[in-house]
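Trainee: Got a structure for you, input-v7.tsv, holding TSV, C-alpha atoms and all ligand atoms.
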```tsv
chain	number	residue	atom	x	y	z
A	1	MET	CA	5.78	10.73	-55.62
A	2	LYS	CA	7.59	10.47	-58.92
A	3	VAL	CA	10.67	12.50	-58.05
A	4	LYS	CA	13.31	11.32	-55.63
A	5	VAL	CA	13.55	13.92	-52.89
A	6	ASP	CA	14.40	13.07	-49.31
A	7	ARG	CA	12.44	14.67	-46.53
A	8	ALA	CA	14.51	17.07	-44.44
A	9	LYS	CA	16.14	15.54	-41.37
A	10	ARG	CA	14.30	18.01	-39.18
A	11	ILE	CA	11.02	16.32	-39.96
A	12	LYS	CA	12.37	12.80	-40.47
A	13	ASN	CA	13.78	12.78	-36.96
A	14	LEU	CA	10.61	14.09	-35.41
A	15	PRO	CA	8.16	11.57	-33.95
A	16	PRO	CA	4.63	11.90	-35.40
A	17	TYR	CA	2.66	14.56	-33.51
A	18	LEU	CA	1.43	12.78	-30.40
A	19	PHE	CA	-2.25	13.37	-30.91
A	20	ALA	CA	-2.15	12.31	-34.54
A	21	SER	CA	-1.19	8.75	-33.52
A	22	ILE	CA	-3.77	8.64	-30.73
A	23	ASP	CA	-6.41	9.71	-33.22
A	24	LYS	CA	-5.44	6.80	-35.44
A	25	MET	CA	-5.87	4.31	-32.58
A	26	LYS	CA	-9.21	5.87	-31.78
A	27	GLN	CA	-10.42	5.66	-35.39
A	28	GLU	CA	-9.47	2.00	-35.42
A	29	ALA	CA	-11.54	1.33	-32.28
A	30	ILE	CA	-14.52	3.20	-33.72
A	31	LYS	CA	-14.24	1.12	-36.90
A	32	ASN	CA	-14.48	-1.97	-34.69
A	33	GLY	CA	-17.82	-0.69	-33.43
A	34	MET	CA	-16.65	0.52	-30.02
A	35	ASP	CA	-18.45	3.28	-28.11
A	36	ILE	CA	-15.56	5.60	-27.37
A	37	ILE	CA	-15.17	7.88	-24.37
A	38	ASN	CA	-12.49	10.34	-25.40
A	39	LEU	CA	-10.38	11.61	-22.50
A	40	GLY	CA	-7.42	11.83	-24.82
A	41	ILE	CA	-7.12	15.38	-26.03
A	42	GLY	CA	-7.38	18.73	-24.26
A	43	ASP	CA	-10.00	20.18	-26.57
A	44	PRO	CA	-13.09	21.60	-24.82
A	45	ASP	CA	-16.33	19.86	-25.80
A	46	ILE	CA	-18.39	22.90	-24.80
A	47	PRO	CA	-19.19	25.53	-27.47
A	48	THR	CA	-17.80	29.07	-27.41
A	49	PRO	CA	-20.00	31.45	-25.34
A	50	PRO	CA	-22.76	33.02	-27.51
A	51	ASN	CA	-21.72	36.66	-26.98
A	52	ILE	CA	-18.33	35.87	-28.54
A	53	VAL	CA	-19.95	34.10	-31.50
A	54	LYS	CA	-22.31	37.04	-31.99
A	55	ARG	CA	-19.49	39.57	-31.95
A	56	LEU	CA	-17.77	37.62	-34.74
A	57	GLN	CA	-20.97	37.50	-36.78
A	58	GLU	CA	-21.27	41.27	-36.56
A	59	ALA	CA	-17.58	41.96	-37.14
A	60	VAL	CA	-17.45	39.92	-40.34
A	61	LYS	CA	-19.66	42.54	-42.00
A	62	ASN	CA	-16.89	45.10	-41.60
A	63	GLU	CA	-15.23	45.17	-45.01
A	64	LYS	CA	-12.03	46.67	-43.60
A	65	TYR	CA	-11.47	43.32	-41.95
A	66	HIS	CA	-11.56	41.49	-45.28
A	67	GLN	CA	-8.06	42.67	-46.11
A	68	TYR	CA	-4.72	41.53	-44.69
A	69	PRO	CA	-4.55	42.06	-40.94
A	70	SER	CA	-1.72	44.02	-39.33
A	71	TYR	CA	1.27	41.84	-38.39
A	72	GLU	CA	1.37	42.65	-34.69
A	73	GLY	CA	-2.41	42.46	-34.28
A	74	LEU	CA	-5.12	45.11	-33.99
A	75	LEU	CA	-4.12	47.77	-31.48
A	76	ILE	CA	-7.60	47.54	-29.94
A	77	PHE	CA	-7.03	43.81	-29.36
A	78	ARG	CA	-3.65	44.45	-27.77
A	79	GLN	CA	-5.23	47.15	-25.60
A	80	ALA	CA	-7.87	44.66	-24.49
A	81	VAL	CA	-5.07	42.25	-23.56
A	82	ALA	CA	-3.28	44.96	-21.53
A	83	GLU	CA	-6.50	45.86	-19.69
A	84	TRP	CA	-7.27	42.22	-18.98
A	85	TYR	CA	-3.72	41.74	-17.63
A	86	LYS	CA	-4.01	44.73	-15.35
A	87	LYS	CA	-7.31	43.51	-13.96
A	88	ARG	CA	-6.36	39.88	-13.61
A	89	PHE	CA	-2.69	40.09	-12.54
A	90	ASN	CA	-2.13	43.76	-11.72
A	91	VAL	CA	0.65	43.80	-14.32
A	92	LYS	CA	1.08	46.85	-16.54
A	93	LEU	CA	1.78	46.25	-20.21
A	94	ASN	CA	2.30	48.69	-23.04
A	95	PRO	CA	-0.07	47.48	-25.77
A	96	GLU	CA	2.16	49.10	-28.41
A	97	ASP	CA	5.26	47.00	-27.90
A	98	GLU	CA	4.74	44.53	-25.05
A	99	VAL	CA	1.84	42.60	-26.59
A	100	LEU	CA	1.81	40.52	-29.77
A	101	THR	CA	-1.22	38.76	-31.27
A	102	LEU	CA	-0.65	35.09	-32.16
A	103	ILE	CA	-2.45	32.58	-34.36
A	104	GLY	CA	-3.02	30.54	-31.22
A	105	SER	CA	-0.24	30.27	-28.67
A	106	LYS	CA	1.04	27.06	-30.32
A	107	GLU	CA	2.04	29.13	-33.32
A	108	GLY	CA	3.96	31.63	-31.21
A	109	ILE	CA	5.69	28.96	-29.14
A	110	GLY	CA	6.63	26.94	-32.21
A	111	HIS	CA	8.12	29.95	-33.99
A	112	PHE	CA	9.80	31.45	-30.95
A	113	PRO	CA	13.09	29.47	-31.11
A	114	LEU	CA	13.63	30.76	-34.68
A	115	ALA	CA	14.19	34.18	-33.11
A	116	TYR	CA	17.06	33.10	-30.85
A	117	ILE	CA	18.34	29.60	-31.57
A	118	ASN	CA	21.22	29.10	-34.00
A	119	PRO	CA	22.14	25.58	-35.12
A	120	GLY	CA	23.67	23.81	-32.13
A	121	ASP	CA	22.27	26.21	-29.52
A	122	VAL	CA	20.50	24.80	-26.49
A	123	ALA	CA	16.98	25.32	-25.18
A	124	LEU	CA	16.01	24.00	-21.74
A	125	VAL	CA	12.85	21.96	-22.20
A	126	PRO	CA	10.83	20.15	-19.54
A	127	SER	CA	9.79	16.50	-19.82
A	128	PRO	CA	6.99	15.50	-19.77
A	129	ALA	CA	5.76	18.56	-21.70
A	130	TYR	CA	3.67	20.02	-24.45
A	131	PRO	CA	5.58	18.72	-27.51
A	132	VAL	CA	5.93	22.09	-29.27
A	133	TYR	CA	8.84	23.39	-27.10
A	134	ASN	CA	11.06	20.59	-28.35
A	135	ALA	CA	9.73	20.60	-31.92
A	136	GLY	CA	10.23	24.38	-32.26
A	137	THR	CA	13.77	24.05	-30.93
A	138	LEU	CA	14.58	21.24	-33.38
A	139	PHE	CA	13.12	23.21	-36.30
A	140	ALA	CA	15.50	26.05	-35.48
A	141	GLY	CA	18.41	23.57	-35.58
A	142	GLY	CA	18.84	23.67	-31.81
A	143	GLN	CA	19.06	20.98	-29.18
A	144	SER	CA	16.72	20.47	-26.27
A	145	TYR	CA	18.33	19.85	-22.90
A	146	ILE	CA	15.71	17.95	-20.95
A	147	MET	CA	14.66	19.12	-17.49
A	148	PRO	CA	12.82	16.14	-15.94
A	149	LEU	CA	9.66	16.98	-13.99
A	150	LYS	CA	9.47	14.63	-11.04
A	151	LYS	CA	6.76	14.07	-8.49
A	152	LYS	CA	9.25	14.48	-5.61
A	153	ASN	CA	9.86	18.05	-6.87
A	154	ASN	CA	6.15	18.73	-7.35
A	155	PHE	CA	6.72	18.48	-11.09
A	156	LEU	CA	8.89	21.60	-11.12
A	157	PRO	CA	12.26	21.43	-12.89
A	158	ASP	CA	15.22	21.11	-10.54
A	159	ILE	CA	17.10	24.25	-11.56
A	160	ASP	CA	20.14	23.36	-9.44
A	161	ALA	CA	20.53	20.09	-11.33
A	162	ILE	CA	21.20	21.87	-14.64
A	163	PRO	CA	24.97	21.65	-15.20
A	164	ALA	CA	26.69	25.05	-15.47
A	165	ARG	CA	28.22	24.12	-18.82
A	166	ILE	CA	24.69	23.54	-20.23
A	167	ALA	CA	23.30	26.67	-18.60
A	168	ARG	CA	26.07	28.74	-20.20
A	169	LYS	CA	25.10	27.41	-23.63
A	170	ALA	CA	21.34	27.70	-23.17
A	171	LYS	CA	19.45	30.63	-24.69
A	172	ILE	CA	15.84	29.80	-23.83
A	173	MET	CA	14.14	28.02	-20.96
A	174	PHE	CA	10.57	26.85	-21.49
A	175	ILE	CA	8.32	26.51	-18.47
A	176	ASN	CA	4.57	25.93	-18.27
A	177	TYR	CA	2.39	26.37	-15.16
A	178	PRO	CA	-0.34	25.41	-14.52
A	179	ASN	CA	1.23	22.46	-16.27
A	180	ASN	CA	0.15	20.27	-19.09
A	181	PRO	CA	0.26	17.26	-18.68
A	182	THR	CA	1.00	16.98	-14.92
A	183	SER	CA	-1.54	19.65	-13.80
A	184	ALA	CA	1.11	20.93	-11.33
A	185	VAL	CA	1.17	24.60	-10.34
A	186	ALA	CA	4.06	26.95	-9.55
A	187	GLU	CA	4.36	29.66	-6.92
A	188	ARG	CA	6.29	32.88	-6.52
A	189	GLU	CA	9.35	31.24	-4.97
A	190	PHE	CA	9.86	29.02	-8.01
A	191	TYR	CA	9.55	31.91	-10.45
A	192	GLU	CA	12.00	33.96	-8.39
A	193	ARG	CA	14.58	31.19	-8.64
A	194	VAL	CA	14.00	30.95	-12.38
A	195	ILE	CA	14.59	34.69	-12.83
A	196	LYS	CA	17.81	34.55	-10.79
A	197	PHE	CA	19.02	31.66	-12.92
A	198	ALA	CA	18.10	33.53	-16.13
A	199	LEU	CA	20.07	36.60	-15.05
A	200	LYS	CA	23.08	34.55	-13.98
A	201	TYR	CA	23.38	32.68	-17.30
A	202	ASN	CA	21.67	35.07	-19.75
A	203	ILE	CA	18.73	32.86	-20.62
A	204	ILE	CA	15.32	33.96	-21.89
A	205	ILE	CA	12.40	32.56	-19.95
A	206	ALA	CA	9.42	31.57	-22.10
A	207	HIS	CA	6.48	30.86	-19.84
A	208	ASP	CA	3.49	29.10	-21.37
A	209	ALA	CA	0.45	30.20	-19.37
A	210	ALA	CA	-2.25	28.52	-21.48
A	211	TYR	CA	-4.01	27.30	-18.31
A	212	SER	CA	-3.75	30.40	-16.11
A	213	GLU	CA	-7.56	30.77	-16.14
A	214	MET	CA	-8.45	27.12	-15.70
A	215	TYR	CA	-8.37	26.97	-11.92
A	216	TYR	CA	-10.57	25.52	-9.16
A	217	ASP	CA	-11.74	26.17	-5.63
A	218	ASN	CA	-9.99	29.24	-4.24
A	219	TYR	CA	-6.76	28.77	-6.13
A	220	ARG	CA	-5.57	31.50	-8.56
A	221	PRO	CA	-2.47	30.83	-10.67
A	222	MET	CA	0.08	33.66	-10.92
A	223	SER	CA	1.40	35.27	-14.03
A	224	PHE	CA	5.17	34.96	-14.40
A	225	LEU	CA	5.15	38.71	-15.06
A	226	GLU	CA	3.88	39.43	-11.56
A	227	ILE	CA	7.37	38.67	-10.25
A	228	ASP	CA	9.91	41.50	-9.95
A	229	GLY	CA	12.38	41.35	-12.79
A	230	ALA	CA	10.35	38.95	-14.94
A	231	LYS	CA	9.87	41.50	-17.69
A	232	ASP	CA	13.66	41.88	-17.94
A	233	VAL	CA	14.17	38.24	-18.79
A	234	GLY	CA	11.13	36.79	-20.44
A	235	ILE	CA	7.80	36.56	-22.12
A	236	GLU	CA	4.57	34.78	-21.38
A	237	PHE	CA	2.34	32.98	-23.88
A	238	HIS	CA	-1.43	33.03	-23.45
A	239	SER	CA	-4.26	31.41	-25.25
A	240	LEU	CA	-7.96	32.14	-25.51
A	241	SER	CA	-8.49	28.50	-26.45
A	242	LYS	CA	-9.00	26.90	-23.06
A	243	THR	CA	-10.33	29.86	-21.08
A	244	TYR	CA	-13.20	30.61	-23.47
A	245	ASN	CA	-13.61	27.30	-25.35
A	246	MET	CA	-12.09	28.82	-28.49
A	247	THR	CA	-9.63	26.17	-29.67
A	248	GLY	CA	-10.91	26.31	-33.24
A	249	TRP	CA	-10.65	30.09	-33.57
A	250	ARG	CA	-6.84	30.26	-33.48
A	251	ILE	CA	-6.07	33.26	-31.37
A	252	GLY	CA	-3.59	33.81	-28.56
A	253	PHE	CA	-1.01	36.36	-27.53
A	254	ALA	CA	2.50	36.85	-26.17
A	255	VAL	CA	3.36	39.53	-23.61
A	256	GLY	CA	6.48	40.68	-21.82
A	257	ASN	CA	9.90	42.05	-22.65
A	258	LYS	CA	9.64	44.32	-25.66
A	259	ASP	CA	12.91	43.26	-27.31
A	260	ILE	CA	11.87	39.63	-27.12
A	261	ILE	CA	8.36	40.45	-28.35
A	262	SER	CA	9.88	42.37	-31.24
A	263	ALA	CA	12.20	39.46	-32.16
A	264	LEU	CA	9.25	37.06	-32.29
A	265	GLY	CA	7.30	39.65	-34.28
A	266	LYS	CA	10.12	39.85	-36.81
A	267	VAL	CA	10.03	36.07	-37.36
A	268	LYS	CA	6.26	36.10	-37.69
A	269	SER	CA	6.05	39.02	-40.09
A	270	ASN	CA	8.25	37.01	-42.45
A	271	LEU	CA	6.17	33.84	-42.16
A	272	ASP	CA	2.51	34.65	-41.56
A	273	SER	CA	0.20	37.56	-42.05
A	274	GLY	CA	-1.51	37.80	-38.71
A	275	VAL	CA	-4.90	36.82	-37.32
A	276	PHE	CA	-8.18	37.51	-39.18
A	277	GLU	CA	-9.29	40.76	-37.59
A	278	VAL	CA	-12.84	39.48	-37.22
A	279	VAL	CA	-11.45	36.82	-34.87
A	280	GLN	CA	-9.47	39.49	-33.02
A	281	GLU	CA	-12.70	41.40	-32.44
A	282	ALA	CA	-14.26	38.28	-31.03
A	283	GLY	CA	-11.14	38.01	-28.85
A	284	ILE	CA	-11.76	41.55	-27.56
A	285	GLU	CA	-15.27	40.47	-26.65
A	286	ALA	CA	-13.91	37.47	-24.75
A	287	LEU	CA	-11.36	39.50	-22.77
A	288	THR	CA	-13.56	42.50	-21.98
A	289	CYS	CA	-17.03	41.03	-21.43
A	290	ASP	CA	-18.44	40.00	-18.05
A	291	GLN	CA	-15.93	37.33	-16.97
A	292	SER	CA	-18.65	35.21	-15.39
A	293	ILE	CA	-18.61	33.34	-18.73
A	294	ALA	CA	-15.24	31.92	-17.67
A	295	ASP	CA	-16.65	31.12	-14.20
A	296	ASP	CA	-19.39	29.09	-15.83
A	297	ILE	CA	-16.82	27.12	-17.82
A	298	ARG	CA	-14.68	26.52	-14.72
A	299	LYS	CA	-17.72	25.32	-12.82
A	300	ILE	CA	-18.39	22.63	-15.42
A	301	TYR	CA	-14.81	21.35	-15.34
A	302	GLN	CA	-14.69	21.45	-11.57
A	303	GLU	CA	-17.76	19.23	-11.34
A	304	ARG	CA	-16.22	16.80	-13.82
A	305	ARG	CA	-12.92	16.86	-11.96
A	306	ASP	CA	-14.65	15.97	-8.71
A	307	ILE	CA	-16.55	13.10	-10.32
A	308	LEU	CA	-13.50	11.62	-12.03
A	309	VAL	CA	-11.21	11.98	-9.02
A	310	ALA	CA	-13.77	10.45	-6.67
A	311	GLY	CA	-14.36	7.62	-9.13
A	312	LEU	CA	-10.66	6.87	-9.54
A	313	LYS	CA	-10.17	6.92	-5.78
A	314	SER	CA	-13.06	4.48	-5.37
A	315	LEU	CA	-11.10	2.16	-7.66
A	316	GLY	CA	-8.16	2.42	-5.27
A	317	MET	CA	-6.07	4.56	-7.58
A	318	GLU	CA	-3.51	7.08	-6.41
A	319	VAL	CA	-4.76	10.48	-7.56
A	320	GLU	CA	-5.06	14.04	-6.32
A	321	ALA	CA	-7.60	16.64	-7.44
A	322	PRO	CA	-5.68	19.18	-9.54
A	323	LYS	CA	-5.81	22.85	-8.50
A	324	ALA	CA	-5.75	23.91	-12.13
A	325	THR	CA	-5.89	22.69	-15.78
A	326	PHE	CA	-8.40	20.18	-17.08
A	327	TYR	CA	-6.10	17.19	-16.78
A	328	ILE	CA	-5.74	14.31	-14.36
A	329	TRP	CA	-2.19	12.96	-14.26
A	330	LEU	CA	-2.66	9.40	-13.15
A	331	LYS	CA	-0.05	6.91	-12.01
A	332	THR	CA	-0.50	3.63	-13.88
A	333	PRO	CA	-1.33	0.56	-11.79
A	334	LYS	CA	1.64	-1.58	-10.70
A	335	GLY	CA	3.20	-3.50	-13.54
A	336	PHE	CA	1.77	-1.31	-16.31
A	337	LYS	CA	3.82	0.89	-18.61
A	338	SER	CA	2.01	4.00	-19.86
A	339	ALA	CA	1.40	2.65	-23.36
A	340	ASP	CA	0.18	-0.74	-22.05
A	341	TYR	CA	-2.31	0.92	-19.78
A	342	THR	CA	-3.71	3.32	-22.39
A	343	ALA	CA	-4.00	0.40	-24.83
A	344	ARG	CA	-5.84	-1.64	-22.19
A	345	LEU	CA	-8.24	1.21	-21.41
A	346	LEU	CA	-8.94	1.70	-25.11
A	347	ASN	CA	-9.25	-1.92	-26.18
A	348	LYS	CA	-11.09	-3.27	-23.13
A	349	ALA	CA	-13.11	-0.24	-22.03
A	350	GLY	CA	-13.30	2.07	-25.05
A	351	ILE	CA	-11.64	4.89	-23.07
A	352	VAL	CA	-9.11	7.05	-24.90
A	353	THR	CA	-6.34	8.47	-22.69
A	354	THR	CA	-2.86	9.76	-23.43
A	355	PRO	CA	0.24	7.75	-22.43
A	356	GLY	CA	2.48	9.88	-20.23
A	357	ASN	CA	5.63	8.92	-22.13
A	358	GLY	CA	4.14	10.55	-25.23
A	359	PHE	CA	5.00	13.86	-23.53
A	360	GLY	CA	8.62	12.80	-23.05
A	361	LYS	CA	10.30	9.80	-21.45
A	362	ASP	CA	9.93	11.25	-17.95
A	363	GLY	CA	6.17	10.85	-18.32
A	364	GLU	CA	6.57	7.07	-18.27
A	365	GLY	CA	4.47	5.46	-15.55
A	366	TYR	CA	1.61	7.93	-15.95
A	367	ILE	CA	-1.38	8.51	-18.19
A	368	ARG	CA	-3.24	11.77	-18.78
A	369	MET	CA	-7.01	12.05	-18.71
A	370	ALA	CA	-8.69	15.22	-19.99
A	371	LEU	CA	-11.94	16.47	-18.44
A	372	THR	CA	-13.46	17.12	-21.86
A	373	VAL	CA	-16.51	14.85	-21.79
A	374	LYS	CA	-19.88	15.28	-20.08
A	375	LYS	CA	-20.23	14.07	-16.50
A	376	GLU	CA	-22.54	11.20	-17.51
A	377	ARG	CA	-19.77	9.88	-19.75
A	378	MET	CA	-17.27	10.36	-16.95
A	379	LEU	CA	-19.39	8.17	-14.69
A	380	GLU	CA	-19.70	5.65	-17.50
A	381	ALA	CA	-15.90	5.60	-17.84
A	382	ILE	CA	-15.55	4.81	-14.13
A	383	GLU	CA	-18.15	2.02	-14.43
A	384	ARG	CA	-16.20	0.51	-17.31
A	385	MET	CA	-12.93	0.74	-15.40
A	386	LYS	CA	-14.56	-1.01	-12.43
A	387	LYS	CA	-15.25	-4.02	-14.65
A	388	LEU	CA	-11.65	-4.27	-15.82
B	401	LIG	C1	-3.53	23.91	-25.59
B	401	LIG	C2	-2.15	24.35	-25.28
B	401	LIG	C3	-1.53	25.38	-26.00
B	401	LIG	C4	-2.02	25.89	-27.32
B	401	LIG	O1	-3.10	26.64	-27.34
B	401	LIG	P1	-3.54	27.39	-28.64
B	401	LIG	O2	-3.63	28.80	-28.22
B	401	LIG	O3	-4.85	26.79	-29.01
B	401	LIG	O4	-2.53	27.21	-29.73
B	401	LIG	C5	-0.30	25.84	-25.58
B	401	LIG	N1	0.32	25.29	-24.52
B	401	LIG	C6	-0.21	24.28	-23.84
B	401	LIG	C7	0.53	23.72	-22.68
B	401	LIG	C8	-1.45	23.77	-24.20
B	401	LIG	O5	-1.96	22.73	-23.54
```
Kindly present the structure from the file in C-alpha cells form.
Ligand SMILES: *Cc1c(COP(=O)(O)O)cnc(C)c1O
Mentor:
Amino acid sequence: MKVKVDRAKRIKNLPPYLFASIDKMKQEAIKNGMDIINLGIGDPDIPTPPNIVKRLQEAVKNEKYHQYPSYEGLLIFRQAVAEWYKKRFNVKLNPEDEVLTLIGSKEGIGHFPLAYINPGDVALVPSPAYPVYNAGTLFAGGQSYIMPLKKKNNFLPDIDAIPARIARKAKIMFINYPNNPTSAVAEREFYERVIKFALKYNIIIAHDAAYSEMYYDNYRPMSFLEIDGAKDVGIEFHSLSKTYNMTGWRIGFAVGNKDIISALGKVKSNLDSGVFEVVQEAGIEALTCDQSIADDIRKIYQERRDILVAGLKSLGMEVEAPKATFYIWLKTPKGFKSADYTARLLNKAGIVTTPGNGFGKDGEGYIRMALTVKKERMLEAIERMKKL
C-alpha cells in the first residue's frame, strides 16, 4: 500500500490461521499434479440433509426475513434450542435469556473474551486446542495461560497443576469435550472438579460442545450444563455445523448462565447484526425434525472411523478408535516430529493431515486425521501409507 501504517500488534503477533497455511501446502501439491486425499480439515464432505435445505428455500420467500434480524436470534429458534436441550440432555433453559443465537460457534467463542477480559487479564486455555480460544483472548488484550492436555491425563487439563496465583488472576477457562483435536471425552467427575475450581477462584467456564452429537457405538457425551451448579458458573457453545453438515450456513448458539449470555450479547449487538433469519428457520428444522438424520450422518463417520483405525493398526501404528468427534489423533512414528510427518504424508503419499503442534506446542508428536473423505479414499490412503 502507498501509506505507511503498521499492522496492529494483536494481528502481527498472531500466527497465520492454522488451516490457511495447510491449504497453501495443499494447493502447491495439487499444482504439482498430485491426487490429494484431504484428511486435513474438519469440514464434512456430505451435503446438508434435504429437509433442511428445503426449509431454507421456503423461508427465503418470507419478506419479513429480508430485513435485519434480531440481535439475540429469533425467539422461535431459541425455543427450538431449549426444546432440543431438554430432550437431549434433560436440561431446562429459558429461551428468553439463557439462549443466544451465534453466527457459528466460532464467532461466539472468538468474541466471548471481549466481554470479560481486560488488557493483562488471564484466560485458561488448553493446548493442543481449537485456535480460537487463544486468538479471542489475545484480541481482547488478555494472556492465555496454557493448560497442557497430556495422554497420561486422558487429555484432560490437570486442574491441580494450575498455580493458585494464576487461578486468582484468571477470568475464563476454556474447555472442549468431546475434544478437537485429541478426540478425548470428559465425564461427570471432571466437570464437577471444574465447577468447584470455578467457584473457588471466580472463573467463568466456557465449554465448547461442538462435537456433543458426533458420537459412536453406545457412547453419549454429556452437556456441561447437566452438572449441578454448572449454570452458576458457565456457558456452553454449540454448533449445527458438524451435527447436521451445516458448516457453510454459519449458525450456532450459546446457552447457560443468563448474565454471561447477556454480556456476550452486549458485545455482539455492537459488532454484528445477527444471523439471517432464513438460516435460523433452517436451524429450527434441523433441531426439531426427526433426529434420525443425525444418526445417518453418525453411521457414515463410524464406518469411516472403523476403516481408518483398522488400517492404521494394520500398519503397526498406535491408535485407538475415538468414542466421539470425527478426528483420529495419531502418534507420529518414532523419530518424526509432527510437521515432518505431515510433510512426508503430503509429499510422498498425497495425504493432507494436520500437524499436532499447529494446535499448540503440546500437540507435538501427534498428527490429526479427519474422517471427512469417502471410505474408498480412506482405503486408498491406507494403501499409500503401506508403500511408504
Ligand atoms: C468446528 C468447530 C467449531 C466451530 O464451529 P462453527 O459453529 O462452524 O463456527 C467450534 N469449536 C470446535 C472445537 C470446532 O472444531
Trainee: Go through A:Ile159, A:Ile166, A:Gly234, A:Val278 and flag the residue nearest Asn62 in chain A, using only C-alpha atoms for the distances.
Mentor: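 Closest residue, counting only C-alpha atoms: A:Val278.
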Trainee: Write as a PyMOL selection string the residues around ligand LIG 401 (chain B), taking 9 Å as the cut-off and counting all atoms listed in the file.
Mentor: chain A and resi 42-43+102-109+129-132+176-181+208-211+237-242+246-253+325
Trainee: Have a look at A:Phe77, A:Pro69, A:Ser212, A:Ile37 and name the one nearest to Lys375 in chain A; count all atoms listed in the file.
Mentor: A:Ile37
Trainee: Please, what distance in Å, to one decimal, runs between CA of Phe276 in chain A and CA of Gln67 in chain A?
Mentor: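 Rounded to one decimal, the two atoms are 8.6 Å apart.
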Trainee: Write out as a Markdown table the residues of range 94-166 of chain A that have any atom within 12 Å of an atom of range 4-8 of chain A, one row each with the nearest atom pair and its distance in Å to one decimal, counting only C-alpha atoms, sorted by chain and then rising number.
Mentor:
```
| residue | atom | partner | partner_atom | distance |
| --- | --- | --- | --- | --- |
| A:Leu138 | CA | A:Ala8 | CA | 11.8 |
| A:Phe139 | CA | A:Ala8 | CA | 10.3 |
| A:Gly141 | CA | A:Ala8 | CA | 11.7 |
```
Trainee: Using all atoms listed in the file, which of the listed residues (A:Thr101, A:Ser223, A:Thr137, A:Gln27) sits closest to Phe89 in chain A?
Mentor: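 The closest residue to Phe89 in chain A is A:Ser223.
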Trainee: Between A:Leu346, A:Leu312, A:Ala294, A:Ile172, which is the closest to Ile205 in chain A once you count only C-alpha atoms?
Mentor: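 Looking at the shortest contact to Ile205 in chain A, the residue is A:Ile172.
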Trainee: Do a neighbour search on Ala349 in chain A at 10 Å with all atoms listed in the file, toss out local chain neighbours closer than 6 positions, and write the hits as a CSV table (one decimal) with C-alpha atoms, keeping the file's coordinate frame.
Mentor:
```
chain,number,residue,atom,x,y,z
A,34,MET,CA,-16.6,0.5,-30.0
A,35,ASP,CA,-18.4,3.3,-28.1
A,36,ILE,CA,-15.6,5.6,-27.4
A,37,ILE,CA,-15.2,7.9,-24.4
A,343,ALA,CA,-4.0,0.4,-24.8
A,380,GLU,CA,-19.7,5.6,-17.5
A,381,ALA,CA,-15.9,5.6,-17.8
A,382,ILE,CA,-15.6,4.8,-14.1
A,383,GLU,CA,-18.2,2.0,-14.4
A,384,ARG,CA,-16.2,0.5,-17.3
A,385,MET,CA,-12.9,0.7,-15.4
A,386,LYS,CA,-14.6,-1.0,-12.4
A,387,LYS,CA,-15.2,-4.0,-14.6
A,388,LEU,CA,-11.6,-4.3,-15.8
```
Trainee: Can you work out which one of A:Val3, A:Lys171, A:Val125, A:Ala286 has the shortest atom-to-atom distance to Pro50 in chain A, counting all atoms listed in the file?
Mentor: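 Distance minimum relative to Pro50 in chain A lands on A:Ala286.
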Trainee: If you measure from CA of Leu156 in chain A to CA of Ala82 in chain A, what distance in Å do you get, rounded to one decimal?
Mentor: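 Computing the Euclidean distance for CA of Leu156 in chain A and CA of Ala82 in chain A yields 28.3 Å.
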Trainee: Compare A:Asn51, A:Thr372, A:Ser127, A:Asn90 by their minimum atom-to-atom distance to Ile175 in chain A, counting all atoms listed in the file, and give me the closest one.
Mentor: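 Ranked by minimum distance to Ile175 in chain A, first place goes to A:Ser127.
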Trainee: Take CA of Asp295 in chain A and CA of Arg78 in chain A and report the distance between them in Å, one decimal.
Mentor: 23.0 Å
Trainee: Using only C-alpha atoms, which protein or nucleic acid residues come within 12 Å of Tyr216 in chain A? Drop anything in the same chain fewer than 5 positions from it, and give the result as a list in words.
Mentor: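 The residues satisfying every condition are Pro178, Ser183, Val185, Tyr211, Pro221, Ala294, Asp295, Asp296, Ile297, Arg298, Lys299, Ile300, Tyr301, Gln302, Glu303, Arg304, Arg305, Asp306, Ala321, Pro322, Lys323, Ala324, Thr325 and Phe326 of chain A.
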Trainee: Please identify all polymer residues within 7 Å of range 121-123 of chain A, counting all atoms listed in the file, omitting same-chain residues fewer than 4 positions from it, and present them as a ChimeraX atom specification.
Mentor: /A:117,137,142-145,169-173
Trainee: Report as a list in words all protein, DNA and RNA residues lying within 8 Å of Thr182 in chain A, evaluated on all atoms listed in the file, omitting residues in the same chain fewer than 2 positions from it.
Mentor: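 Here the qualifying residues turn out to be Pro128, Phe155, Asn179, Asn180, Ala184, Tyr327, Ile328, Trp329 and Arg368 of chain A.
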